[in-house]
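Student: Structure incoming, see below.
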Amino acid sequence: MTRYGMVIDVERCTGCFNCFLACRDEHSGNDHRPVSAAQPDGHSWIKVREVERGSYPKVKVSYVPVPCLHCTDAPCMDAAIGGAIYRRADGIVVIDPDKAAGQHGIVSACPYGAVFWNAAENLPQKCSFCAHLLDDGWKEPRCVEACPVQALVFGDLDDPRSDVARLCAEKRVEALAPKPAELPPVGYLGLPKFFFAGEIVLGDKPDECPEGVTVRLRDGKQTVTAFTDNYGDFEFNGLEADAEYVLSIEQAGYKPRELRVHTGADPNVGTIVMEPAA
Amino acid sequence: MAAQDFTSCTNAGPITVTVEDGKVVRVRPLVAEQGDFRPWTIEAGGRSYSPPKKFNLAPFVFSERDRLYSQDRIKTPLKRVNFDPGPAGKRNPESRGKAGYEPIGWDEAIEIVAGELKRVKDAHGPSAIAAMTSSHHNWGMVGYKMSAFTRFFNLIGHTPVLDNPDSWEGWHWGATHSYGFYWRLGMPEPYDMLEDALQNAEMIVFWSNDPDTTRGVYTGQDAAIWRQWLKDKGVKMVFIDPFHNYTAAAMGGKWIAPRIGTDTAMAMAIAHVWITERTYDQEYVKDRTVGFDEFRDYILGKQDGCPKTPAWAAEQSGIAARTIKALAREWASRRTVLSAGARGGEGGACRQAYGTEWARMMVLLQAMQGLGKPGISIWGTSMGAPVNADVGFPGYGDPEGRISTTRAAVACPENPVTQRLYRPIVPDAILNPPIHWLGDGFCNRSLDQQFTPHTYPEPGCSEVKLWYRYGGSFMGTMTDTSKWARMYQSPKLEFVVNQDVWWSSETGFADIILPACTQLERDDIGEWGEPGGQTRHGNSGCNFRVVVRMKKCISPLWESKSDYEIFTLLARRLGVEAQYTEGNTDRDWARKIFEISDLPKRVSWEEFERKGYHIINAPEHRKATPGLRWFAEGRACDTPDPRNPKRGTVKARELGTDSGKIEFVSGSLHKVFPGDTQRPPMPHFIPSWEGHQSPLAAKYPLQLLSPHPRFSFHTHYDKHAHWMDEVPLHRVVKDGYAYWPARLHPEDARARGIENGDVIKLYNDRGGVLCAAVVTERVRRGVVHSPVSSAKYDPLEPGNPHSVDRGGCVALLTPGRMMSQNVAGMAPNSCLIEVEKWNG
């Protein structure tokens, strides 16, 4: 039995919006009942979130495409009345455009903002994985076909040979926040994590970048070590949210430095000047 | 509902168009049979790299259907309400830009336009008629701007307008004098650069280059995966750009953001490090270059007492000396690709005051590292895949690929008029003649061609009385563009026509407006990504060469007609229809161009017509000939660069410079302008005439950076496809209005009481433009990033050239001044502005 799923690789996504625009082309003005009514302006059935972190010049930008996750335990289904939302045998969660009329509660039930309200038609609407195309023999939805870097991988989760199943088997796939108990059929790779970055300068040699300076980051449990690169830059990535750390810098012949840093603040700790030991 | 699929090709990818009941319902990447693809393979580092069997479109192409049915289409011929073309009628030119329009029939429109063409020509000669196109609004050999349009105007005679090389000014006017390639307008040959980079490169320095945004110009997103491969391979990436651009966002890496106008100083400081630390390729410099000693002395300060040290460059650029040193050392120690613009050369740093100096320095830096050796190249990362260069199909840049000049025609009429106008200064010419400039526009015939002096009006020719405009983008794309509005309102232009598909910035300045149709409503033929001419083998930015039979999917909408039909009707009224058409329909022309290409050796017309496309795969057994490897190794040129004039001659080992070598001191410049201090024979750092150190910065302290846009092709697809308004990086919708974004640093915003999403006014003495503030750490302090190419000129006071524009045409703010005294290139990135919150 086919069970459709998607893995979205945020590390690959370039923020080109092909997915959003291909979705618009497929659905705007095109009624695909019974799986979807025409998409009006203002809807983003796959919404590309731009996530900017850090500060000049230590900046990171990620693009996180968010379609309907077709949740295993879908809150929208609980909110729907009269069978307005159902799960197909292939796992696709469908809002029935006829039965869902007037049910505004379905929009607010989605924790990911993936359901949109069509005011003119009095209708909640969302991504259907282009079920009308899959039923017609297509191998993938329009957004996946349009992606130039294979950041969207689609297929049968129950087929161990499929790319999507292989990726899921690698265990790196994670759920978008807020994380449900069970990984939804749409999972993510490379979701942006907290980081710290900075530049080390030696006070007596401000015109040379110090390479190989030891920088340690520790919380109550463990310590990770990094070394400055040829620009004197260091970086710690993949940190957990809402945590406090101590950043310590050591270089022979210089006074050690220690800073308290928190993931809630600017990840760019700036330029840290090391003064020579007396 | 019987659905039918048609094939077509846009300027950013081939498409399959689904039509149901006479209506387009879907536009997707061209659907080709899987068996038609035979992907190339590159072996590198123990891995095989092959592209997926698909075509990767640029995002805006997915809005083609929206653009097709746009309410912004010009639906019928229109006449300005207070325009009376009769002998005693009032024309009221001063009301252009504010007066309304009334629909008229095609018969009346053709009668008026043909009547005016005849009247002006009879009274003043053909030089009084000027005709001007915009670029790239549609694809296709028949409908392209140099084709149907030029055939008509060559037939009746006209003053053509020379295009300036607007995207690569500094390379055209500068780099050509360092390493030749004038036949490519200063950009290097792209052959096998992908394979070279995958096999050899250890680092890529993206200097003023955002290939994820400029996408090989026409090649959609086929190259995006190449950069993913290079990233996965661990190739280090450095981005030098005042804006943390989209490629930097996608790739990560080191971001270095110099002040605008100081890139040349940074480049010289890198040379200083290499010279003082002797980490340049001394043998290459000795054998393959001329003039190094003089350059070395200048860099070391022996000429002017000012050594171009990292500390000196730090003062100019705001980048720490230690960072410049680290970059220089890393560059010298790794095999480094310099990626300095979409096609190798281009980039915003070449479109500013003295941009020639930066472009030349890019060539000279790589010369110091052995340009052409493995992994040491000038490469944009968006051209240079393996390609079959033996199968010829013409591009729009080739005479064969235009119905105005092709040998597929029985005869091609020649324009009898020798007078020229020059695009960036057309309004100056019309309003304040006489004017003078140097160069024939795109100077791809010789190093000297750009020195050709021009005067308008030319002796024996008339000033222009009739302005026939095809497209209407310039308010958003040229410089100091309010002068176009002033030009349109001048009584010197007795008659103005605008022919376009959509309402664009200049449409509402015309007396008569003619509605053209899109390429989906007519027949044509074209190869994806291949401009031909000076960008021959631009198709190597695509993973697969594909020639597409561009089918007429639906009949022209509303009252629109194809450009070819409009010109046919005008030719009929003027009694020259037979010469214009030679009895051909647009489909007949498409077939004739097919027949003079190499395609009939591979596929019949009938089969091509049935399938709608033909893929030309890279050869199965191929030998890579990386660009400039032959030069670095002292061999004869072995790349398939057809316009290299020395290829196949006794000078085949030489570059296109006078000496045949890379010239630190240019012979071609020394010969003509030995005393030029603004583009000296050897590149110098010259502070910008409108930069952070200018007196004007006291009044306008922010520098405007206006690079090419990410979500439109120049102006195309902006405004006319309203789906694009919902791409939040393209436009920002506020209170129901889609504003153009302007990105500024949080501290610059805070100092002005500006918050993210506020409507702000960007202004200087040249004008004012409303934008939506995007407050971001992705620009350095003191820089405002707002792309050029808004299609929406929306003055708050229509008809007033000085009005604040709400549409986002930041080109209104940029200087009209040319790059330097003998360089007729535009310099929009030398632009000082102030920004304030708009409470209007």
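Just so we're on the same page: first chain in the structure tokens is A, next is B, and so on; residues restart at 1 for each chain, and ligands are numbered from 1 in the order they show up.
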Write out as number ranges by chain the residues lying within 9 Å of B:Gly125, counting only C-alpha atoms and excluding same-chain residues fewer than 6 positions away.
Tutor: B: 157-158, 461-462
Student: Can you spit out the residues from that selection as an mmCIF file, in the first residue's frame, using N, CA and C atoms?
Tutor:
data_model
loop_
_atom_site.group_PDB
_atom_site.id
_atom_site.type_symbol
_atom_site.label_atom_id
_atom_site.label_comp_id
_atom_site.auth_asym_id
_atom_site.auth_seq_id
_atom_site.Cartn_x
_atom_site.Cartn_y
_atom_site.Cartn_z
ATOM 1 N N GLY B 157 13.487 52.443 -42.937
ATOM 2 C CA GLY B 157 14.564 53.370 -42.588
ATOM 3 C C GLY B 157 14.299 54.057 -41.260
ATOM 4 N N HIS B 158 15.356 54.151 -40.424
ATOM 5 C CA HIS B 158 15.157 54.746 -39.096
ATOM 6 C C HIS B 158 16.495 55.011 -38.428
ATOM 7 N N CYS B 461 21.597 64.567 -41.192
ATOM 8 C CA CYS B 461 20.436 63.825 -40.695
ATOM 9 C C CYS B 461 19.516 64.765 -39.921
ATOM 10 N N SER B 462 18.331 64.309 -39.722
ATOM 11 C CA SER B 462 17.331 65.100 -38.995
ATOM 12 C C SER B 462 17.360 64.746 -37.513
#
Student: Identify all chain A residues at most 6 Å from chain B by counting only C-alpha atoms; ligands do not count. Present them as number ranges by chain.
Tutor: A: 14, 18, 21-22, 55-56, 61, 148-149, 207-209, 231
Student: Taking the backbone alone, and naming residues the way the document does, which bits of stretch 150-277 of chain A are strand (DSSP E) by DSSP, as a PyMOL selection string?
Tutor: chain A and resi 152-156+186-189+194-202+214-218+223-227+233-239+244-250+257-262+268-274
Student: Take atom CA of A:Glu182 and atom CA of A:Ala74 and report the distance between them in Å, one decimal.
Tutor: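 It comes out at 10.7 Å.
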Student: Do a neighbour search on A:Ile85 at 12 Å with only C-alpha atoms, toss out local chain neighbours closer than 6 positions, and write the hits as a PDB file with N, CA and C atoms, in the first residue's frame.
Tutor:
ATOM      1  N   PRO A  34     -12.676  16.176  -6.207  1.00  0.00           N
ATOM      2  CA  PRO A  34     -13.058  16.372  -4.807  1.00  0.00           C
ATOM      3  C   PRO A  34     -11.901  16.702  -3.859  1.00  0.00           C
ATOM      4  N   VAL A  35     -10.656  16.803  -4.350  1.00  0.00           N
ATOM      5  CA  VAL A  35      -9.563  16.962  -3.386  1.00  0.00           C
ATOM      6  C   VAL A  35      -9.238  18.417  -3.069  1.00  0.00           C
ATOM      7  N   SER A  36      -9.586  19.324  -3.953  1.00  0.00           N
ATOM      8  CA  SER A  36      -9.331  20.736  -3.645  1.00  0.00           C
ATOM      9  C   SER A  36     -10.174  21.639  -4.533  1.00  0.00           C
ATOM     10  N   HIS A  70       0.324  16.790   6.591  1.00  0.00           N
ATOM     11  CA  HIS A  70      -0.480  15.567   6.527  1.00  0.00           C
ATOM     12  C   HIS A  70      -0.267  14.726   7.792  1.00  0.00           C
ATOM     13  N   ALA A  74      -3.805  14.278  13.065  1.00  0.00           N
ATOM     14  CA  ALA A  74      -4.016  15.628  12.541  1.00  0.00           C
ATOM     15  C   ALA A  74      -5.012  16.420  13.385  1.00  0.00           C
ATOM     16  N   PRO A  75      -4.553  17.529  13.989  1.00  0.00           N
ATOM     17  CA  PRO A  75      -5.472  18.336  14.808  1.00  0.00           C
ATOM     18  C   PRO A  75      -6.639  18.890  13.989  1.00  0.00           C
ATOM     19  N   CYS A  76      -6.409  19.132  12.710  1.00  0.00           N
ATOM     20  CA  CYS A  76      -7.508  19.692  11.898  1.00  0.00           C
ATOM     21  C   CYS A  76      -8.656  18.702  11.773  1.00  0.00           C
ATOM     22  N   MET A  77      -8.315  17.403  11.762  1.00  0.00           N
ATOM     23  CA  MET A  77      -9.375  16.394  11.638  1.00  0.00           C
ATOM     24  C   MET A  77     -10.264  16.406  12.878  1.00  0.00           C
ATOM     25  N   ASP A  78      -9.608  16.651  14.041  1.00  0.00           N
ATOM     26  CA  ASP A  78     -10.391  16.712  15.275  1.00  0.00           C
ATOM     27  C   ASP A  78     -11.330  17.903  15.271  1.00  0.00           C
ATOM     28  N   ALA A  79     -10.866  18.985  14.618  1.00  0.00           N
ATOM     29  CA  ALA A  79     -11.678  20.211  14.628  1.00  0.00           C
ATOM     30  C   ALA A  79     -12.788  20.166  13.586  1.00  0.00           C
ATOM     31  N   ILE A  92      -2.898  10.831   2.507  1.00  0.00           N
ATOM     32  CA  ILE A  92      -3.123  12.252   2.221  1.00  0.00           C
ATOM     33  C   ILE A  92      -4.350  12.733   2.994  1.00  0.00           C
ATOM     34  N   VAL A  93      -4.162  13.831   3.722  1.00  0.00           N
ATOM     35  CA  VAL A  93      -5.254  14.430   4.470  1.00  0.00           C
ATOM     36  C   VAL A  93      -5.959  15.435   3.554  1.00  0.00           C
ATOM     37  N   VAL A  94      -7.237  15.228   3.346  1.00  0.00           N
ATOM     38  CA  VAL A  94      -7.983  16.036   2.385  1.00  0.00           C
ATOM     39  C   VAL A  94      -9.076  16.815   3.098  1.00  0.00           C
ATOM     40  N   ILE A  95      -9.148  18.113   2.781  1.00  0.00           N
ATOM     41  CA  ILE A  95     -10.309  18.896   3.213  1.00  0.00           C
ATOM     42  C   ILE A  95     -11.351  18.791   2.102  1.00  0.00           C
ATOM     43  N   ASP A  96     -12.488  18.240   2.430  1.00  0.00           N
ATOM     44  CA  ASP A  96     -13.564  18.108   1.444  1.00  0.00           C
ATOM     45  C   ASP A  96     -14.156  19.501   1.182  1.00  0.00           C
ATOM     46  N   PRO A  97     -13.992  20.025  -0.044  1.00  0.00           N
ATOM     47  CA  PRO A  97     -14.398  21.409  -0.298  1.00  0.00           C
ATOM     48  C   PRO A  97     -15.893  21.630  -0.123  1.00  0.00           C
ATOM     49  N   ASP A  98     -16.673  20.576  -0.207  1.00  0.00           N
ATOM     50  CA  ASP A  98     -18.117  20.754  -0.056  1.00  0.00           C
ATOM     51  C   ASP A  98     -18.534  20.677   1.401  1.00  0.00           C
ATOM     52  N   LYS A  99     -17.995  19.690   2.098  1.00  0.00           N
ATOM     53  CA  LYS A  99     -18.407  19.510   3.500  1.00  0.00           C
ATOM     54  C   LYS A  99     -17.780  20.538   4.437  1.00  0.00           C
ATOM     55  N   ALA A 100     -16.661  21.136   4.051  1.00  0.00           N
ATOM     56  CA  ALA A 100     -15.926  22.012   4.974  1.00  0.00           C
ATOM     57  C   ALA A 100     -16.422  23.451   4.946  1.00  0.00           C
ATOM     58  N   ALA A 101     -17.356  23.749   4.086  1.00  0.00           N
ATOM     59  CA  ALA A 101     -17.816  25.134   3.966  1.00  0.00           C
ATOM     60  C   ALA A 101     -18.250  25.666   5.329  1.00  0.00           C
ATOM     61  N   GLN A 103     -16.515  26.125   8.004  1.00  0.00           N
ATOM     62  CA  GLN A 103     -15.821  25.622   9.201  1.00  0.00           C
ATOM     63  C   GLN A 103     -14.503  26.369   9.427  1.00  0.00           C
ATOM     64  N   ILE A 106     -11.253  25.020  11.445  1.00  0.00           N
ATOM     65  CA  ILE A 106     -10.206  24.167  10.869  1.00  0.00           C
ATOM     66  C   ILE A 106      -8.921  24.966  10.669  1.00  0.00           C
ATOM     67  N   VAL A 107      -9.059  26.250  10.349  1.00  0.00           N
ATOM     68  CA  VAL A 107      -7.878  27.089  10.111  1.00  0.00           C
ATOM     69  C   VAL A 107      -7.060  27.213  11.392  1.00  0.00           C
ATOM     70  N   VAL A 115      -3.270  25.860   6.991  1.00  0.00           N
ATOM     71  CA  VAL A 115      -4.642  25.911   6.455  1.00  0.00           C
ATOM     72  C   VAL A 115      -5.045  27.378   6.303  1.00  0.00           C
ATOM     73  N   PRO A 124     -12.168  26.564   4.283  1.00  0.00           N
ATOM     74  CA  PRO A 124     -10.759  26.345   4.625  1.00  0.00           C
ATOM     75  C   PRO A 124     -10.100  25.506   3.528  1.00  0.00           C
ATOM     76  N   GLN A 125      -8.820  25.859   3.206  1.00  0.00           N
ATOM     77  CA  GLN A 125      -8.139  25.154   2.116  1.00  0.00           C
ATOM     78  C   GLN A 125      -6.671  24.926   2.444  1.00  0.00           C
ATOM     79  N   LYS A 126      -6.090  23.919   1.804  1.00  0.00           N
ATOM     80  CA  LYS A 126      -4.679  23.609   2.044  1.00  0.00           C
ATOM     81  C   LYS A 126      -4.129  22.684   0.957  1.00  0.00           C
ATOM     82  N   SER A 128      -2.923  19.496  -0.958  1.00  0.00           N
ATOM     83  CA  SER A 128      -3.468  18.131  -1.068  1.00  0.00           C
ATOM     84  C   SER A 128      -2.408  17.168  -1.596  1.00  0.00           C
TER      85      SER A 128
END
Student: When you count only C-alpha atoms, which of these residues is closest to B:Trp528: B:Arg549, B:Arg572, B:Arg38, B:Lys23?
Tutor: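 Of B:Arg549, B:Arg572, B:Arg38, B:Lys23, the one nearest B:Trp528, counting only C-alpha atoms, is B:Arg549.
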Student: Show me, as an MDAnalysis selection string, the residues that have an atom within 7 Å of stretch 48-52 of chain A when counting only C-alpha atoms, minus same-chain residues fewer than 4 positions from it.
Tutor: chainID A and resid 17 60:66
Student: For those residues, write C-alpha atoms to a file as a PDB file, in the first residue's frame.
Tutor:
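Below is the file that was written, part-v5.pdb:
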ATOM      1  CA  PHE A  17       9.882  30.038  -4.416  1.00  0.00           C
ATOM      2  CA  LYS A  60      22.860  32.881   8.330  1.00  0.00           C
ATOM      3  CA  VAL A  61      19.734  32.676   6.238  1.00  0.00           C
ATOM      4  CA  SER A  62      17.553  29.605   5.826  1.00  0.00           C
ATOM      5  CA  TYR A  63      14.444  28.967   3.828  1.00  0.00           C
ATOM      6  CA  VAL A  64      11.922  26.565   5.305  1.00  0.00           C
ATOM      7  CA  PRO A  65       9.108  25.496   2.969  1.00  0.00           C
ATOM      8  CA  VAL A  66       5.990  24.500   4.905  1.00  0.00           C
TER       9      VAL A  66
END
Student: Please provide the set of residues having any atom within 8 Å of B:Leu655, restricted to only C-alpha atoms, with same-chain residues fewer than 3 positions apart removed, written as a ChimeraX atom specification.
Tutor: /B:179-181,631,646,652,659-662
Student: Extract, using only C-alpha atoms, all DNA, RNA and protein residues at most 12 Å from A:Phe196, discarding same-chain residues fewer than 3 positions from it, and format them as a PyMOL selection string.
Tutor: chain A and resi 53-55+58-60+193+199+215-217+226+233-241+243-247+259-270
Student: Please produce an output containing C-alpha atoms for each residue in the selection, written as a compact mmCIF listing (two decimals), in the first residue's frame.
Tutor:
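Output file selection_21.txt is given in full below:
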# COMPACT_ATOMS: atom_id res chain seq x y z
CA ARG A 53 19.85 34.66 12.23
CA GLY A 54 22.91 36.42 13.52
CA SER A 55 24.12 39.90 12.78
CA LYS A 58 27.98 36.68 10.92
CA VAL A 59 24.64 36.07 9.27
CA LYS A 60 22.86 32.88 8.33
CA LYS A 193 19.53 25.39 14.91
CA GLU A 199 35.99 36.71 15.63
CA VAL A 215 37.46 28.28 21.80
CA ARG A 216 35.34 26.18 24.15
CA LEU A 217 31.65 26.19 24.72
CA ALA A 226 36.43 24.74 18.16
CA ASP A 233 36.51 33.23 13.04
CA PHE A 234 34.96 30.51 15.14
CA GLU A 235 31.52 28.96 15.10
CA PHE A 236 29.44 26.49 17.11
CA ASN A 237 26.38 25.18 15.38
CA GLY A 238 23.49 22.83 16.10
CA LEU A 239 22.82 24.03 19.64
CA GLU A 240 19.64 23.38 21.56
CA ALA A 241 17.21 26.20 22.19
CA ALA A 243 20.24 27.30 26.82
CA GLU A 244 23.00 29.22 28.53
CA TYR A 245 26.65 28.51 27.85
CA VAL A 246 30.05 29.69 28.90
CA LEU A 247 32.35 30.58 26.04
CA LEU A 259 31.79 35.08 28.31
CA ARG A 260 28.31 33.98 29.23
CA VAL A 261 26.16 33.53 26.17
CA HIS A 262 22.52 32.60 25.70
CA THR A 263 20.80 31.17 22.65
CA GLY A 264 18.08 33.78 23.01
CA ALA A 265 20.51 36.61 22.25
CA ASP A 266 22.44 37.53 19.11
CA PRO A 267 24.42 34.47 17.96
CA ASN A 268 27.16 36.83 16.79
CA VAL A 269 29.25 37.41 19.89
CA GLY A 270 31.30 39.95 17.92
Student: Show which residues sit within 9 Å of B:Ser446, as a list in words. Count only C-alpha atoms, and ignore same-chain residues fewer than 6 positions away.
Tutor: Tyr182, Trp183 and Gly656 of chain B
Student: If you run DSSP on this backbone, which residues of stretch 221-371 of chain B come out as helix (DSSP H, G or I), and could you give them as a PyMOL selection string?
Tutor: chain B and resi 224-232+246-251+263-277+282-288+292-299+310-317+321-333+348-350+355-369
Student: For those residues, write C-alpha atoms to a file as a PDB file, in the first residue's frame.
Tutor:
ATOM      1  CA  ALA B 224      21.880  25.605  -8.913  1.00  0.00           C
ATOM      2  CA  ILE B 225      22.760  21.967  -8.426  1.00  0.00           C
ATOM      3  CA  TRP B 226      26.351  22.544  -9.591  1.00  0.00           C
ATOM      4  CA  ARG B 227      26.912  24.857  -6.672  1.00  0.00           C
ATOM      5  CA  GLN B 228      25.351  22.275  -4.341  1.00  0.00           C
ATOM      6  CA  TRP B 229      27.859  19.742  -5.639  1.00  0.00           C
ATOM      7  CA  LEU B 230      30.739  22.133  -5.047  1.00  0.00           C
ATOM      8  CA  LYS B 231      29.463  22.912  -1.566  1.00  0.00           C
ATOM      9  CA  ASP B 232      29.046  19.224  -0.730  1.00  0.00           C
ATOM     10  CA  TYR B 246      21.098  34.837  -2.061  1.00  0.00           C
ATOM     11  CA  THR B 247      23.969  32.626  -3.154  1.00  0.00           C
ATOM     12  CA  ALA B 248      25.677  33.385   0.154  1.00  0.00           C
ATOM     13  CA  ALA B 249      22.426  32.502   1.911  1.00  0.00           C
ATOM     14  CA  ALA B 250      22.238  29.173   0.103  1.00  0.00           C
ATOM     15  CA  MET B 251      25.919  28.237   0.301  1.00  0.00           C
ATOM     16  CA  ASP B 263      36.332  46.981  -4.274  1.00  0.00           C
ATOM     17  CA  THR B 264      39.223  48.124  -6.447  1.00  0.00           C
ATOM     18  CA  ALA B 265      41.177  49.222  -3.374  1.00  0.00           C
ATOM     19  CA  MET B 266      40.622  45.823  -1.789  1.00  0.00           C
ATOM     20  CA  ALA B 267      41.775  44.101  -4.970  1.00  0.00           C
ATOM     21  CA  MET B 268      44.941  46.200  -5.021  1.00  0.00           C
ATOM     22  CA  ALA B 269      45.686  45.363  -1.410  1.00  0.00           C
ATOM     23  CA  ILE B 270      45.401  41.670  -2.261  1.00  0.00           C
ATOM     24  CA  ALA B 271      47.937  42.234  -5.022  1.00  0.00           C
ATOM     25  CA  HIS B 272      50.124  44.040  -2.470  1.00  0.00           C
ATOM     26  CA  VAL B 273      50.125  41.007  -0.188  1.00  0.00           C
ATOM     27  CA  TRP B 274      50.995  38.694  -3.059  1.00  0.00           C
ATOM     28  CA  ILE B 275      53.792  40.939  -4.287  1.00  0.00           C
ATOM     29  CA  THR B 276      55.355  41.546  -0.884  1.00  0.00           C
ATOM     30  CA  GLU B 277      55.028  37.905   0.134  1.00  0.00           C
ATOM     31  CA  GLN B 282      56.011  34.640 -11.166  1.00  0.00           C
ATOM     32  CA  GLU B 283      56.636  32.404 -14.135  1.00  0.00           C
ATOM     33  CA  TYR B 284      53.143  32.947 -15.539  1.00  0.00           C
ATOM     34  CA  VAL B 285      53.441  36.684 -15.013  1.00  0.00           C
ATOM     35  CA  LYS B 286      56.753  36.682 -16.863  1.00  0.00           C
ATOM     36  CA  ASP B 287      55.615  34.549 -19.794  1.00  0.00           C
ATOM     37  CA  ARG B 288      51.954  35.386 -20.164  1.00  0.00           C
ATOM     38  CA  PHE B 292      53.798  43.896 -14.535  1.00  0.00           C
ATOM     39  CA  ASP B 293      56.804  45.904 -13.369  1.00  0.00           C
ATOM     40  CA  GLU B 294      54.941  49.186 -13.734  1.00  0.00           C
ATOM     41  CA  PHE B 295      51.942  47.688 -11.975  1.00  0.00           C
ATOM     42  CA  ARG B 296      54.098  46.337  -9.155  1.00  0.00           C
ATOM     43  CA  ASP B 297      55.662  49.761  -8.661  1.00  0.00           C
ATOM     44  CA  TYR B 298      52.223  51.381  -8.501  1.00  0.00           C
ATOM     45  CA  ILE B 299      50.976  48.817  -5.989  1.00  0.00           C
ATOM     46  CA  PRO B 310      45.792  46.208   3.367  1.00  0.00           C
ATOM     47  CA  ALA B 311      45.816  49.021   5.938  1.00  0.00           C
ATOM     48  CA  TRP B 312      45.310  51.555   3.159  1.00  0.00           C
ATOM     49  CA  ALA B 313      42.469  49.480   1.679  1.00  0.00           C
ATOM     50  CA  ALA B 314      40.946  49.081   5.132  1.00  0.00           C
ATOM     51  CA  GLU B 315      40.581  52.871   5.364  1.00  0.00           C
ATOM     52  CA  GLN B 316      38.732  52.882   2.069  1.00  0.00           C
ATOM     53  CA  SER B 317      36.634  49.774   2.351  1.00  0.00           C
ATOM     54  CA  ALA B 321      43.446  44.867   7.095  1.00  0.00           C
ATOM     55  CA  ARG B 322      43.801  41.487   8.780  1.00  0.00           C
ATOM     56  CA  THR B 323      40.776  40.160   6.901  1.00  0.00           C
ATOM     57  CA  ILE B 324      42.111  41.365   3.552  1.00  0.00           C
ATOM     58  CA  LYS B 325      45.464  39.740   4.319  1.00  0.00           C
ATOM     59  CA  ALA B 326      43.842  36.480   5.333  1.00  0.00           C
ATOM     60  CA  LEU B 327      41.819  36.433   2.134  1.00  0.00           C
ATOM     61  CA  ALA B 328      44.888  37.174   0.014  1.00  0.00           C
ATOM     62  CA  ARG B 329      46.903  34.412   1.654  1.00  0.00           C
ATOM     63  CA  GLU B 330      44.116  31.880   1.382  1.00  0.00           C
ATOM     64  CA  TRP B 331      43.548  32.782  -2.264  1.00  0.00           C
ATOM     65  CA  ALA B 332      47.213  32.331  -3.089  1.00  0.00           C
ATOM     66  CA  SER B 333      47.452  29.026  -1.248  1.00  0.00           C
ATOM     67  CA  GLY B 348      27.320  45.382  -9.621  1.00  0.00           C
ATOM     68  CA  ALA B 349      30.873  46.554  -8.935  1.00  0.00           C
ATOM     69  CA  CYS B 350      31.309  46.979 -12.692  1.00  0.00           C
ATOM     70  CA  GLY B 355      33.945  50.311 -12.793  1.00  0.00           C
ATOM     71  CA  THR B 356      36.525  49.648 -15.517  1.00  0.00           C
ATOM     72  CA  GLU B 357      39.213  49.598 -12.850  1.00  0.00           C
ATOM     73  CA  TRP B 358      37.547  46.888 -10.788  1.00  0.00           C
ATOM     74  CA  ALA B 359      36.874  44.655 -13.790  1.00  0.00           C
ATOM     75  CA  ARG B 360      40.478  45.005 -14.956  1.00  0.00           C
ATOM     76  CA  MET B 361      41.735  44.206 -11.466  1.00  0.00           C
ATOM     77  CA  MET B 362      39.682  41.010 -11.442  1.00  0.00           C
ATOM     78  CA  VAL B 363      41.514  39.844 -14.565  1.00  0.00           C
ATOM     79  CA  LEU B 364      44.890  40.946 -13.246  1.00  0.00           C
ATOM     80  CA  LEU B 365      44.462  39.252  -9.871  1.00  0.00           C
ATOM     81  CA  GLN B 366      43.763  35.951 -11.576  1.00  0.00           C
ATOM     82  CA  ALA B 367      46.655  36.586 -13.949  1.00  0.00           C
ATOM     83  CA  MET B 368      48.887  36.800 -10.867  1.00  0.00           C
ATOM     84  CA  GLN B 369      47.634  33.351  -9.838  1.00  0.00           C
TER      85      GLN B 369
END
Student: What is the distance between atom CA of B:Leu696 and atom CA of B:Arg766, in Å to one decimal?
Tutor: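 Taking atom CA of B:Leu696 and atom CA of B:Arg766, their separation equals 12.7 Å.
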Student: For B:Gln703, which of B:Arg259, B:His716, B:His537, B:Arg573 is the closest residue, counting only C-alpha atoms?
Tutor: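 Result for the nearest residue to B:Gln703: B:Arg259.
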Student: Distance atom CA of A:Pro180-atom CA of A:Asp73, one decimal place?
Tutor: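 Atom CA of A:Asp73 lies at a distance of 8.2 Å from atom CA of A:Pro180.
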Student: Ranking A:Asp135, A:Glu140, A:Glu258, A:Glu250 by minimum distance to A:Pro210 and counting only C-alpha atoms, which one comes first?
Tutor: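 Of all the options, A:Glu250 lies closest to A:Pro210.
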